[in-house]
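upload32.pdb (PDB, C-alpha atoms) appears below.
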MODEL        1
ATOM      1  CA  MET A   1      10.596  -9.854  -3.576
ATOM      2  CA  LYS A   2       8.145 -12.683  -3.034
ATOM      3  CA  ARG A   3       4.685 -11.828  -4.295
ATOM      4  CA  ILE A   4       2.174 -10.994  -1.594
ATOM      5  CA  THR A   5      -1.025 -13.022  -1.894
ATOM      6  CA  GLY A   6      -4.487 -12.737  -0.369
ATOM      7  CA  VAL A   7      -6.429  -9.687   0.714
ATOM      8  CA  LEU A   8      -5.744 -10.236   4.395
ATOM      9  CA  ILE A   9      -2.012 -10.496   3.788
ATOM     10  CA  ALA A  10      -2.402  -7.286   1.807
ATOM     11  CA  LEU A  11      -3.910  -5.614   4.832
ATOM     12  CA  VAL A  12      -0.926  -6.705   6.919
ATOM     13  CA  ALA A  13       1.902  -6.209   4.456
ATOM     14  CA  ILE A  14       0.682  -3.123   2.646
ATOM     15  CA  SER A  15      -1.589  -1.180   4.946
ATOM     16  CA  ALA A  16      -0.817  -1.783   8.601
ATOM     17  CA  PRO A  17       2.766  -0.522   8.805
ATOM     18  CA  LEU A  18       1.914   2.463   6.639
ATOM     19  CA  VAL A  19      -1.042   3.473   8.767
ATOM     20  CA  ALA A  20       1.213   3.252  11.809
ATOM     21  CA  GLY A  21       3.588   5.680  10.075
ATOM     22  CA  SER A  22       6.782   6.341  11.955
ATOM     23  CA  HIS A  23       5.552   4.795  15.212
ATOM     24  CA  ASP A  24       7.115   1.478  16.170
ATOM     25  CA  LYS A  25       3.898   0.349  17.856
ATOM     26  CA  PRO A  26       0.257   1.223  17.151
ATOM     27  CA  ALA A  27      -1.406   3.613  19.542
ATOM     28  CA  LYS A  28      -3.446   2.007  22.299
ATOM     29  CA  ASN A  29      -6.703   3.318  20.909
ATOM     30  CA  ASP A  30      -5.884   1.738  17.534
ATOM     31  CA  LYS A  31      -6.747  -1.704  18.933
ATOM     32  CA  THR A  32     -10.403  -2.730  18.949
ATOM     33  CA  ALA A  33     -12.292  -4.818  21.470
ATOM     34  CA  ALA A  34     -12.063  -7.815  19.111
ATOM     35  CA  GLY A  35      -8.259  -7.673  19.101
ATOM     36  CA  ARG A  36      -8.117  -6.144  15.642
ATOM     37  CA  HIS A  37      -6.010  -3.143  14.665
ATOM     38  CA  ILE A  38      -7.321  -0.242  12.630
ATOM     39  CA  VAL A  39      -5.541  -0.125   9.279
ATOM     40  CA  ASP A  40      -7.618   2.699   7.837
ATOM     41  CA  ALA A  41     -10.418   4.945   9.080
ATOM     42  CA  GLY A  42     -11.844   8.306   8.144
ATOM     43  CA  SER A  43     -14.374   9.786   5.758
ATOM     44  CA  PHE A  44     -14.885  10.569   2.101
ATOM     45  CA  GLY A  45     -16.712  13.626   0.817
ATOM     46  CA  VAL A  46     -18.991  13.079  -2.183
ATOM     47  CA  PHE A  47     -19.213  16.011  -4.619
ATOM     48  CA  VAL A  48     -21.322  16.726  -7.714
ATOM     49  CA  ASN A  49     -20.562  19.878  -9.715
ATOM     50  CA  GLY A  50     -18.308  21.018  -6.905
ATOM     51  CA  ARG A  51     -21.065  20.814  -4.258
ATOM     52  CA  ARG A  52     -20.841  18.342  -1.410
ATOM     53  CA  ILE A  53     -23.871  16.084  -1.351
ATOM     54  CA  GLY A  54     -22.745  13.230   0.876
ATOM     55  CA  THR A  55     -20.296  11.625   3.263
ATOM     56  CA  GLU A  56     -19.026   8.102   3.798
ATOM     57  CA  LYS A  57     -17.574   7.333   7.220
ATOM     58  CA  PHE A  58     -15.550   4.122   7.156
ATOM     59  CA  ARG A  59     -13.263   1.930   9.219
ATOM     60  CA  VAL A  60     -11.132  -1.092   8.292
ATOM     61  CA  GLU A  61      -9.821  -3.377  11.042
ATOM     62  CA  GLN A  62      -7.397  -6.300  10.691
ATOM     63  CA  GLY A  63      -6.889  -9.129  13.175
ATOM     64  CA  PRO A  64      -5.323 -12.589  13.418
ATOM     65  CA  ILE A  65      -8.655 -14.365  12.893
ATOM     66  CA  SER A  66     -10.730 -11.967  10.812
ATOM     67  CA  SER A  67     -10.863  -8.482   9.348
ATOM     68  CA  LEU A  68     -13.820  -6.098   9.387
ATOM     69  CA  ALA A  69     -14.778  -3.177   7.142
ATOM     70  CA  THR A  70     -17.688  -0.979   8.242
ATOM     71  CA  SER A  71     -19.174   2.028   6.483
ATOM     72  CA  GLU A  72     -21.984   4.564   6.858
ATOM     73  CA  VAL A  73     -23.124   6.653   3.907
ATOM     74  CA  THR A  74     -25.414   9.681   4.034
ATOM     75  CA  ILE A  75     -26.589  11.543   0.925
ATOM     76  CA  ASP A  76     -28.576  14.784   0.710
ATOM     77  CA  ASP A  77     -28.663  16.441  -2.711
ATOM     78  CA  GLY A  78     -31.505  18.805  -1.861
ATOM     79  CA  ASN A  79     -34.111  16.496  -3.349
ATOM     80  CA  THR A  80     -33.325  13.087  -1.909
ATOM     81  CA  ARG A  81     -31.980  12.010   1.450
ATOM     82  CA  ALA A  82     -30.464   8.566   1.831
ATOM     83  CA  ALA A  83     -28.744   6.723   4.659
ATOM     84  CA  GLN A  84     -27.278   3.237   4.513
ATOM     85  CA  SER A  85     -24.566   1.179   6.143
ATOM     86  CA  SER A  86     -22.524  -1.948   5.492
ATOM     87  CA  GLU A  87     -20.480  -4.437   7.479
ATOM     88  CA  TRP A  88     -18.092  -6.843   5.720
ATOM     89  CA  GLU A  89     -16.196  -9.487   7.685
ATOM     90  CA  LEU A  90     -13.388 -11.506   6.082
ATOM     91  CA  ALA A  91     -11.652 -14.652   7.320
ATOM     92  CA  SER A  92      -7.872 -14.821   7.700
ATOM     93  CA  ASN A  93      -7.577 -16.234   4.149
ATOM     94  CA  GLY A  94      -9.605 -13.366   2.674
ATOM     95  CA  SER A  95     -12.835 -15.358   2.257
ATOM     96  CA  LEU A  96     -16.248 -13.965   3.092
ATOM     97  CA  LEU A  97     -17.578 -14.657   6.580
ATOM     98  CA  HIS A  98     -20.482 -12.234   6.667
ATOM     99  CA  TYR A  99     -21.765  -9.168   4.829
ATOM    100  CA  ARG A 100     -24.689  -7.001   5.877
ATOM    101  CA  TRP A 101     -26.201  -4.008   4.080
ATOM    102  CA  HIS A 102     -28.836  -1.899   5.808
ATOM    103  CA  GLU A 103     -30.885   1.045   4.517
ATOM    104  CA  ASP A 104     -32.701   3.517   6.779
ATOM    105  CA  SER A 105     -33.887   5.988   4.132
ATOM    106  CA  PRO A 106     -35.474   6.781   1.726
ATOM    107  CA  GLU A 107     -36.755   3.237   2.268
ATOM    108  CA  LYS A 108     -35.973   0.565   4.834
ATOM    109  CA  GLY A 109     -34.474  -2.816   4.130
ATOM    110  CA  GLN A 110     -31.511  -5.042   4.672
ATOM    111  CA  THR A 111     -29.614  -7.848   3.018
ATOM    112  CA  VAL A 112     -27.224 -10.420   4.475
ATOM    113  CA  VAL A 113     -24.672 -12.396   2.444
ATOM    114  CA  GLU A 114     -22.943 -15.490   3.813
ATOM    115  CA  PRO A 115     -21.105 -18.525   2.442
ATOM    116  CA  ASN A 116     -23.017 -21.808   2.330
ATOM    117  CA  SER A 117     -21.041 -24.878   1.246
ATOM    118  CA  ASP A 118     -20.121 -24.304  -2.423
ATOM    119  CA  PHE A 119     -22.465 -21.315  -2.736
ATOM    120  CA  ILE A 120     -22.943 -17.794  -1.480
ATOM    121  CA  ILE A 121     -26.427 -17.067  -0.159
ATOM    122  CA  GLN A 122     -28.008 -13.626  -0.065
ATOM    123  CA  ARG A 123     -31.063 -13.061   2.145
ATOM    124  CA  THR A 124     -32.984  -9.816   1.618
ATOM    125  CA  THR A 125     -35.708  -8.352   3.833
ATOM    126  CA  LEU A 126     -37.619  -5.227   2.779
ATOM    127  CA  LYS A 127     -40.114  -5.150   5.664
ATOM    128  CA  ALA A 128     -39.598  -6.162   9.284
ATOM    129  CA  ASP A 129     -42.314  -8.845   9.203
ATOM    130  CA  ASP A 130     -41.394 -10.248   5.789
ATOM    131  CA  LYS A 131     -39.703 -13.586   5.362
ATOM    132  CA  PRO A 132     -36.221 -13.095   3.861
ATOM    133  CA  VAL A 133     -35.968 -13.760   0.125
ATOM    134  CA  GLU A 134     -33.032 -16.046  -0.617
ATOM    135  CA  GLN A 135     -30.831 -15.801  -3.697
ATOM    136  CA  PRO A 136     -27.939 -18.243  -4.232
ATOM    137  CA  TYR A 137     -24.800 -17.487  -6.240
ATOM    138  CA  VAL A 138     -22.484 -20.160  -7.592
ATOM    139  CA  LEU A 139     -19.427 -18.206  -6.478
ATOM    140  CA  PRO A 140     -16.487 -18.994  -4.204
ATOM    141  CA  ALA A 141     -16.354 -17.352  -0.776
ATOM    142  CA  SER A 142     -13.222 -15.514  -1.927
ATOM    143  CA  THR A 143     -15.350 -13.323  -4.241
ATOM    144  CA  PRO A 144     -14.957  -9.654  -3.215
ATOM    145  CA  ILE A 145     -17.937  -7.482  -2.302
ATOM    146  CA  LEU A 146     -18.263  -4.307  -4.386
ATOM    147  CA  ASP A 147     -21.544  -2.782  -3.288
ATOM    148  CA  ASP A 148     -23.098   0.455  -4.500
ATOM    149  CA  TYR A 149     -22.112   3.725  -2.796
ATOM    150  CA  PHE A 150     -19.392   2.247  -0.556
ATOM    151  CA  PHE A 151     -16.085   3.647  -1.741
ATOM    152  CA  VAL A 152     -14.119   1.795   0.935
ATOM    153  CA  HIS A 153     -15.039  -1.402  -0.954
ATOM    154  CA  ARG A 154     -13.109   0.006  -3.921
ATOM    155  CA  GLU A 155     -10.118   0.600  -1.667
ATOM    156  CA  ILE A 156     -10.175  -3.019  -0.433
ATOM    157  CA  LEU A 157     -10.485  -4.311  -4.001
ATOM    158  CA  LEU A 158      -7.422  -2.269  -4.964
ATOM    159  CA  TRP A 159      -5.550  -3.788  -2.002
ATOM    160  CA  ARG A 160      -6.410  -7.241  -3.347
ATOM    161  CA  TYR A 161      -5.195  -6.176  -6.778
ATOM    162  CA  LEU A 162      -1.916  -4.912  -5.270
ATOM    163  CA  ALA A 163      -1.493  -8.131  -3.292
ATOM    164  CA  THR A 164      -2.224 -10.579  -6.091
ATOM    165  CA  ILE A 165      -1.103  -8.789  -9.260
ATOM    166  CA  CYS A 166       1.630  -6.409  -8.154
ATOM    167  CA  GLU A 167       4.996  -7.013  -6.549
ATOM    168  CA  GLN A 168       6.559  -5.072  -3.703
ATOM    169  CA  GLY A 169      10.238  -4.304  -4.121
ATOM    170  CA  ALA A 170      12.930  -1.885  -3.017
ATOM    171  CA  GLU A 171      11.808   0.540  -5.711
ATOM    172  CA  GLY A 172       8.161   0.385  -4.655
ATOM    173  CA  THR A 173       5.105  -1.308  -6.151
ATOM    174  CA  ARG A 174       5.357  -2.730  -9.666
ATOM    175  CA  CYS A 175       2.157  -3.876 -11.387
ATOM    176  CA  LYS A 176       1.599  -5.752 -14.615
ATOM    177  CA  PRO A 177       0.816  -3.292 -17.423
ATOM    178  CA  ALA A 178      -2.124  -5.302 -18.769
ATOM    179  CA  PRO A 179      -5.638  -4.936 -17.281
ATOM    180  CA  THR A 180      -6.641  -7.641 -14.783
ATOM    181  CA  GLN A 181     -10.141  -9.017 -14.322
ATOM    182  CA  PHE A 182     -11.840  -9.882 -11.033
ATOM    183  CA  GLY A 183     -15.283 -11.307 -10.350
ATOM    184  CA  VAL A 184     -17.246  -9.332  -7.728
ATOM    185  CA  LEU A 185     -20.618  -9.549  -5.978
ATOM    186  CA  VAL A 186     -22.893  -6.481  -5.860
ATOM    187  CA  PRO A 187     -25.495  -7.318  -3.184
ATOM    188  CA  ARG A 188     -27.559  -4.170  -3.602
ATOM    189  CA  GLN A 189     -28.116  -5.040  -7.272
ATOM    190  CA  HIS A 190     -28.537  -8.767  -6.522
ATOM    191  CA  THR A 191     -25.962  -9.675  -9.127
ATOM    192  CA  SER A 192     -22.363 -10.633  -9.754
ATOM    193  CA  MET A 193     -20.197  -9.223 -12.527
ATOM    194  CA  PRO A 194     -16.636  -9.028 -13.834
ATOM    195  CA  VAL A 195     -14.610  -5.878 -13.254
ATOM    196  CA  GLN A 196     -11.320  -4.828 -14.781
ATOM    197  CA  ILE A 197      -8.485  -3.006 -13.020
ATOM    198  CA  GLU A 198      -5.501  -1.363 -14.678
ATOM    199  CA  ALA A 199      -2.571   0.436 -13.019
ATOM    200  CA  ARG A 200      -1.906   3.738 -14.813
ATOM    201  CA  GLY A 201       1.097   4.916 -12.817
ATOM    202  CA  PRO A 202       1.956   8.059 -10.838
ATOM    203  CA  GLU A 203       0.225  11.377 -11.404
ATOM    204  CA  LYS A 204       0.264  14.807  -9.788
ATOM    205  CA  VAL A 205      -3.213  15.556  -8.426
ATOM    206  CA  ALA A 206      -4.617  18.608  -6.637
ATOM    207  CA  ILE A 207      -6.180  17.560  -3.312
ATOM    208  CA  HIS A 208      -7.526  20.169  -0.891
ATOM    209  CA  GLY A 209      -5.549  22.914  -2.595
ATOM    210  CA  ALA A 210      -2.204  21.080  -2.582
ATOM    211  CA  THR A 211      -0.524  19.085  -5.356
ATOM    212  CA  ARG A 212       0.224  15.491  -4.363
ATOM    213  CA  ASP A 213       1.981  12.560  -6.048
ATOM    214  CA  LEU A 214      -0.595   9.760  -6.288
ATOM    215  CA  ASN A 215      -0.879   6.424  -8.088
ATOM    216  CA  ARG A 216      -3.805   6.132 -10.477
ATOM    217  CA  PHE A 217      -5.831   3.008 -11.200
ATOM    218  CA  ASN A 218      -8.721   2.568 -13.635
ATOM    219  CA  LEU A 219     -11.612   0.320 -12.636
ATOM    220  CA  VAL A 220     -14.142  -0.626 -15.317
ATOM    221  CA  CYS A 221     -17.385  -1.911 -13.845
ATOM    222  CA  ASP A 222     -20.536  -2.640 -15.852
ATOM    223  CA  GLY A 223     -19.295  -0.445 -18.690
ATOM    224  CA  THR A 224     -18.458   2.530 -16.445
ATOM    225  CA  GLU A 225     -14.892   3.670 -15.848
ATOM    226  CA  TRP A 226     -13.865   4.655 -12.337
ATOM    227  CA  GLN A 227     -10.619   6.579 -11.856
ATOM    228  CA  LEU A 228      -9.090   5.959  -8.438
ATOM    229  CA  TRP A 229      -5.978   7.372  -6.807
ATOM    230  CA  LEU A 230      -3.967   5.846  -3.933
ATOM    231  CA  ASP A 231      -1.354   7.696  -1.909
ATOM    232  CA  SER A 232       2.081   6.384  -0.923
ATOM    233  CA  GLU A 233       0.461   4.481   1.970
ATOM    234  CA  ASN A 234      -1.954   2.784  -0.447
ATOM    235  CA  LYS A 235      -4.918   4.648   0.992
ATOM    236  CA  LEU A 236      -7.710   5.692  -1.336
ATOM    237  CA  VAL A 237      -7.587   9.486  -1.684
ATOM    238  CA  ARG A 238      -9.710  10.380  -4.708
ATOM    239  CA  VAL A 239     -12.336   8.838  -7.004
ATOM    240  CA  VAL A 240     -13.848  10.265 -10.184
ATOM    241  CA  VAL A 241     -16.781   8.577 -11.937
ATOM    242  CA  ALA A 242     -19.651   9.792 -14.139
ATOM    243  CA  GLY A 243     -19.542  13.446 -13.081
ATOM    244  CA  MET A 244     -19.042  12.660  -9.399
ATOM    245  CA  GLU A 245     -15.876  13.247  -7.377
ATOM    246  CA  VAL A 246     -15.035  11.597  -4.065
ATOM    247  CA  VAL A 247     -12.218  12.968  -1.914
ATOM    248  CA  ARG A 248     -10.821  11.823   1.418
ATOM    249  CA  ASP A 249     -11.436  14.450   4.104
TER
ENDMDL
END
This entry written out as structure tokens:
Amino acid sequence: MKRITGVLIALVAISAPLVAGSHDKPAKNDKTAAGRHIVDAGSFGVFVNGRRIGTEKFRVEQGPISSLATSEVTIDDGNTRAAQSSEWELASNGSLLHYRWHEDSPEKGQTVVEPNSDFIIQRTTLKADDKPVEQPYVLPASTPILDDYFFVHREILLWRYLATICEQGAEGTRCKPAPTQFGVLVPRQHTSMPVQIEARGPEKVAIHGATRDLNRFNLVCDGTEWQLWLDSENKLVRVVVAGMEVVRD
């Protein structure tokens, strides 16, 4: 089968029909005011030592002109409370249109990332009256965002990996056995970096007390290995990294 290319095509070819399930048409409330359709939405629970310390509520919409991924993360580990949100808009070719990160606690601040000619510009404001601090990156607009704490960004990166590295056939998804490298932008850290993704194949995993057949992928980022599992609909179901576990509710 012809290789699927581009993250937006991945949203159409991989995610949309699977989210719709057995329905021929999406439900009426699956269409947003902007004419986009919801391809994934829900929440992830964040656990440390078996105790839930946080939640990420997310939503991914796909449309003919642009796609939008929004997320809200709240953390309360008994010592620290944190709340932040992100909004990532992609053009129909998968290139960045706009990214915004906002923090309400423990501190306040926001950063906006947008393409500018041959560069990407990040503008960060820590106080309401401050002038934004600009930071340019010599990166193409096609560079994926992989910000801290937003697990839905990992899901979208895996969709890009599936669309550009793997092939869809009658027997399912087949990925190259060798690790593949992507360049990503991490706005919260004000840096870009290479990451490596490797498909590890199917595994049986216990989720919410039931054993499920999931596909595992390893993501190595800044020397840390993330283990991620997608279900048969290519939705992110579980993440394990550095003593933390993230599970779809």
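Straight-line separation from atom CA of Val46 of chain A to atom CA of Glu89 of chain A: 24.8 Å.
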Which residue of A:Gln168, A:Gln84, A:Thr180, A:Glu155 approaches Asp231 of chain A most closely, using all atoms listed in the file: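 Closest to Asp231 of chain A, using all atoms listed in the file: A:Glu155.
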Considering all atoms listed in the file, state which residue in the set A:Thr211, A:Asn49, A:Gln62, A:Thr124 is at the smallest distance from Ala242 of chain A.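 The answer is A:Asn49, which sits nearest to Ala242 of chain A.
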Hits of the PyMOL selection byres ((chain A and resi 91) around 9) in this structure, as number ranges by chain: A: 8, 65-67, 89-90, 92-97
A:Arg123, A:Pro140, A:Ala69, A:Ser105: which is nearest Arg81 of chain A, counting all atoms listed in the file?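 Result for the nearest residue to Arg81 of chain A: A:Ser105.
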Selection in question (the file shown): the PyMOL selection byres ((chain A and resi 149) around 12). Which residues does it include, as a PDB file with C-alpha atoms, keeping the file's coordinate frame?
ATOM      1  CA  PHE A  44     -14.885  10.569   2.101  1.00  0.00           C
ATOM      2  CA  GLY A  45     -16.712  13.626   0.817  1.00  0.00           C
ATOM      3  CA  VAL A  46     -18.991  13.079  -2.183  1.00  0.00           C
ATOM      4  CA  GLY A  54     -22.745  13.230   0.876  1.00  0.00           C
ATOM      5  CA  THR A  55     -20.296  11.625   3.263  1.00  0.00           C
ATOM      6  CA  GLU A  56     -19.026   8.102   3.798  1.00  0.00           C
ATOM      7  CA  LYS A  57     -17.574   7.333   7.220  1.00  0.00           C
ATOM      8  CA  PHE A  58     -15.550   4.122   7.156  1.00  0.00           C
ATOM      9  CA  SER A  71     -19.174   2.028   6.483  1.00  0.00           C
ATOM     10  CA  GLU A  72     -21.984   4.564   6.858  1.00  0.00           C
ATOM     11  CA  VAL A  73     -23.124   6.653   3.907  1.00  0.00           C
ATOM     12  CA  THR A  74     -25.414   9.681   4.034  1.00  0.00           C
ATOM     13  CA  ILE A  75     -26.589  11.543   0.925  1.00  0.00           C
ATOM     14  CA  ALA A  82     -30.464   8.566   1.831  1.00  0.00           C
ATOM     15  CA  ALA A  83     -28.744   6.723   4.659  1.00  0.00           C
ATOM     16  CA  GLN A  84     -27.278   3.237   4.513  1.00  0.00           C
ATOM     17  CA  SER A  85     -24.566   1.179   6.143  1.00  0.00           C
ATOM     18  CA  SER A  86     -22.524  -1.948   5.492  1.00  0.00           C
ATOM     19  CA  TRP A 101     -26.201  -4.008   4.080  1.00  0.00           C
ATOM     20  CA  GLU A 103     -30.885   1.045   4.517  1.00  0.00           C
ATOM     21  CA  ILE A 145     -17.937  -7.482  -2.302  1.00  0.00           C
ATOM     22  CA  LEU A 146     -18.263  -4.307  -4.386  1.00  0.00           C
ATOM     23  CA  ASP A 147     -21.544  -2.782  -3.288  1.00  0.00           C
ATOM     24  CA  ASP A 148     -23.098   0.455  -4.500  1.00  0.00           C
ATOM     25  CA  PHE A 150     -19.392   2.247  -0.556  1.00  0.00           C
ATOM     26  CA  PHE A 151     -16.085   3.647  -1.741  1.00  0.00           C
ATOM     27  CA  VAL A 152     -14.119   1.795   0.935  1.00  0.00           C
ATOM     28  CA  HIS A 153     -15.039  -1.402  -0.954  1.00  0.00           C
ATOM     29  CA  ARG A 154     -13.109   0.006  -3.921  1.00  0.00           C
ATOM     30  CA  VAL A 186     -22.893  -6.481  -5.860  1.00  0.00           C
ATOM     31  CA  PRO A 187     -25.495  -7.318  -3.184  1.00  0.00           C
ATOM     32  CA  ARG A 188     -27.559  -4.170  -3.602  1.00  0.00           C
ATOM     33  CA  GLN A 189     -28.116  -5.040  -7.272  1.00  0.00           C
ATOM     34  CA  VAL A 239     -12.336   8.838  -7.004  1.00  0.00           C
ATOM     35  CA  VAL A 241     -16.781   8.577 -11.937  1.00  0.00           C
ATOM     36  CA  MET A 244     -19.042  12.660  -9.399  1.00  0.00           C
ATOM     37  CA  VAL A 246     -15.035  11.597  -4.065  1.00  0.00           C
TER      38      VAL A 246
END
Compile the contact shell of Phe182 of chain A as a ChimeraX atom specification: residues with an atom at most 9 Å away, counting all atoms listed in the file, same-chain residues fewer than 4 positions apart removed. /A:143-144,161,193-197
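Atom pair atom CA of His102 of chain A / atom CA of Lys131 of chain A has a distance of 16.0 Å (rounded to one decimal).
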Measuring atom to atom with all atoms listed in the file, identify which of A:His190, A:Arg160, A:Gly50, A:Leu219 is nearest to Val112 of chain A. A:His190
Answer key for the PyMOL selection byres ((chain A and resi 138) around 6), residues as a ChimeraX atom specification: /A:119,137,139
Considering all atoms listed in the file, state which residue in the set A:Arg248, A:Arg36, A:Asn234, A:Arg100 is at the smallest distance from Ile156 of chain A.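 Closest candidate: A:Asn234.
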For the atom pair atom CA of Asp118 of chain A and atom CA of Thr70 of chain A, what is the interatomic distance in Å to one decimal place?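 Computing it gives 25.8 Å between the two atoms.
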Restricting the calculation to only C-alpha atoms, which member of A:Ala199, A:Val237, A:Leu162, A:Val184 is positioned closest to Arg212 of chain A?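 Of the candidates, the smallest distance to Arg212 of chain A is held by A:Val237.
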Near-Cys175 of chain A list (7 Å; all atoms listed in the file; drop same-chain fewer than 6 positions) as a ChimeraX atom specification: /A:165-167,199
Convert the current residue selection to file output with C-alpha atoms, as a short mmCIF file (atom, residue, chain, number, x, y, z; two decimals), in the coordinates of the input.
data_model
loop_
_atom_site.label_atom_id
_atom_site.label_comp_id
_atom_site.auth_asym_id
_atom_site.auth_seq_id
_atom_site.Cartn_x
_atom_site.Cartn_y
_atom_site.Cartn_z
CA ILE A 165 -1.10 -8.79 -9.26
CA CYS A 166 1.63 -6.41 -8.15
CA GLU A 167 5.00 -7.01 -6.55
CA ALA A 199 -2.57 0.44 -13.02
#
Quick one: everything within 8 Å of Pro202 of chain A, counting all atoms listed in the file, minus sequence neighbours fewer than 2 positions away in the same chain. Send it as a PyMOL selection string. chain A and resi 200+204+213-216
Enclose all atoms of segment 202-211 of chain A listed in the file in an axis-aligned box, grow every side by 5 Å, and hand back centre and edge lengths in Å to one decimal, as JSON.
{"center_x": -2.8, "center_y": 15.5, "center_z": -6.1, "size_x": 19.5, "size_y": 24.9, "size_z": 20.5}
Would you pick out the contacts of Tyr99 of chain A at 6 Å or less, using only C-alpha atoms, so that residues sharing its chain but fewer than 4 positions from it are not included, and give the list as a compact mmCIF listing (two decimals) with C-alpha atoms, keeping the file's coordinate frame?
# COMPACT_ATOMS: atom_id res chain seq x y z
CA GLU A 87 -20.48 -4.44 7.48
CA TRP A 88 -18.09 -6.84 5.72
CA VAL A 112 -27.22 -10.42 4.47
CA VAL A 113 -24.67 -12.40 2.44
Your completed segment 204-222 of chain A with N, CA and C atoms, as an mmCIF file, in the frame of the given file:
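Output file out-v7.cif follows:
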data_model
loop_
_atom_site.group_PDB
_atom_site.id
_atom_site.type_symbol
_atom_site.label_atom_id
_atom_site.label_comp_id
_atom_site.auth_asym_id
_atom_site.auth_seq_id
_atom_site.Cartn_x
_atom_site.Cartn_y
_atom_site.Cartn_z
ATOM 1 N N LYS A 204 0.372 13.692 -10.723
ATOM 2 C CA LYS A 204 0.264 14.807 -9.788
ATOM 3 C C LYS A 204 -1.194 15.257 -9.768
ATOM 4 N N VAL A 205 -1.785 15.276 -8.569
ATOM 5 C CA VAL A 205 -3.213 15.556 -8.426
ATOM 6 C C VAL A 205 -3.411 16.617 -7.345
ATOM 7 N N ALA A 206 -4.298 17.569 -7.620
ATOM 8 C CA ALA A 206 -4.617 18.608 -6.637
ATOM 9 C C ALA A 206 -5.658 18.075 -5.654
ATOM 10 N N ILE A 207 -5.281 18.022 -4.376
ATOM 11 C CA ILE A 207 -6.180 17.560 -3.312
ATOM 12 C C ILE A 207 -6.195 18.617 -2.215
ATOM 13 N N HIS A 208 -7.374 19.159 -1.939
ATOM 14 C CA HIS A 208 -7.526 20.169 -0.891
ATOM 15 C C HIS A 208 -6.541 21.327 -1.069
ATOM 16 N N GLY A 209 -6.375 21.755 -2.312
ATOM 17 C CA GLY A 209 -5.549 22.914 -2.595
ATOM 18 C C GLY A 209 -4.060 22.662 -2.667
ATOM 19 N N ALA A 210 -3.632 21.412 -2.509
ATOM 20 C CA ALA A 210 -2.204 21.080 -2.582
ATOM 21 C C ALA A 210 -1.991 20.007 -3.643
ATOM 22 N N THR A 211 -0.859 20.080 -4.341
ATOM 23 C CA THR A 211 -0.524 19.085 -5.356
ATOM 24 C C THR A 211 0.176 17.903 -4.702
ATOM 25 N N ARG A 212 -0.341 16.691 -4.976
ATOM 26 C CA ARG A 212 0.224 15.491 -4.363
ATOM 27 C C ARG A 212 0.588 14.477 -5.445
ATOM 28 N N ASP A 213 1.594 13.661 -5.162
ATOM 29 C CA ASP A 213 1.981 12.560 -6.048
ATOM 30 C C ASP A 213 1.171 11.330 -5.660
ATOM 31 N N LEU A 214 0.295 10.889 -6.559
ATOM 32 C CA LEU A 214 -0.595 9.760 -6.288
ATOM 33 C C LEU A 214 -0.470 8.728 -7.394
ATOM 34 N N ASN A 215 -0.871 7.501 -7.100
ATOM 35 C CA ASN A 215 -0.879 6.424 -8.088
ATOM 36 C C ASN A 215 -2.306 6.201 -8.576
ATOM 37 N N ARG A 216 -2.466 6.250 -9.895
ATOM 38 C CA ARG A 216 -3.805 6.132 -10.477
ATOM 39 C C ARG A 216 -4.085 4.711 -10.945
ATOM 40 N N PHE A 217 -5.338 4.294 -10.735
ATOM 41 C CA PHE A 217 -5.831 3.008 -11.200
ATOM 42 C C PHE A 217 -7.181 3.242 -11.875
ATOM 43 N N ASN A 218 -7.423 2.515 -12.966
ATOM 44 C CA ASN A 218 -8.721 2.568 -13.635
ATOM 45 C C ASN A 218 -9.489 1.285 -13.332
ATOM 46 N N LEU A 219 -10.726 1.445 -12.919
ATOM 47 C CA LEU A 219 -11.612 0.320 -12.636
ATOM 48 C C LEU A 219 -12.805 0.409 -13.576
ATOM 49 N N VAL A 220 -13.003 -0.591 -14.414
ATOM 50 C CA VAL A 220 -14.142 -0.626 -15.317
ATOM 51 C C VAL A 220 -15.154 -1.618 -14.772
ATOM 52 N N CYS A 221 -16.335 -1.103 -14.468
ATOM 53 C CA CYS A 221 -17.385 -1.911 -13.845
ATOM 54 C C CYS A 221 -18.696 -1.673 -14.570
ATOM 55 N N ASP A 222 -19.249 -2.719 -15.157
ATOM 56 C CA ASP A 222 -20.536 -2.640 -15.852
ATOM 57 C C ASP A 222 -20.526 -1.537 -16.903
#
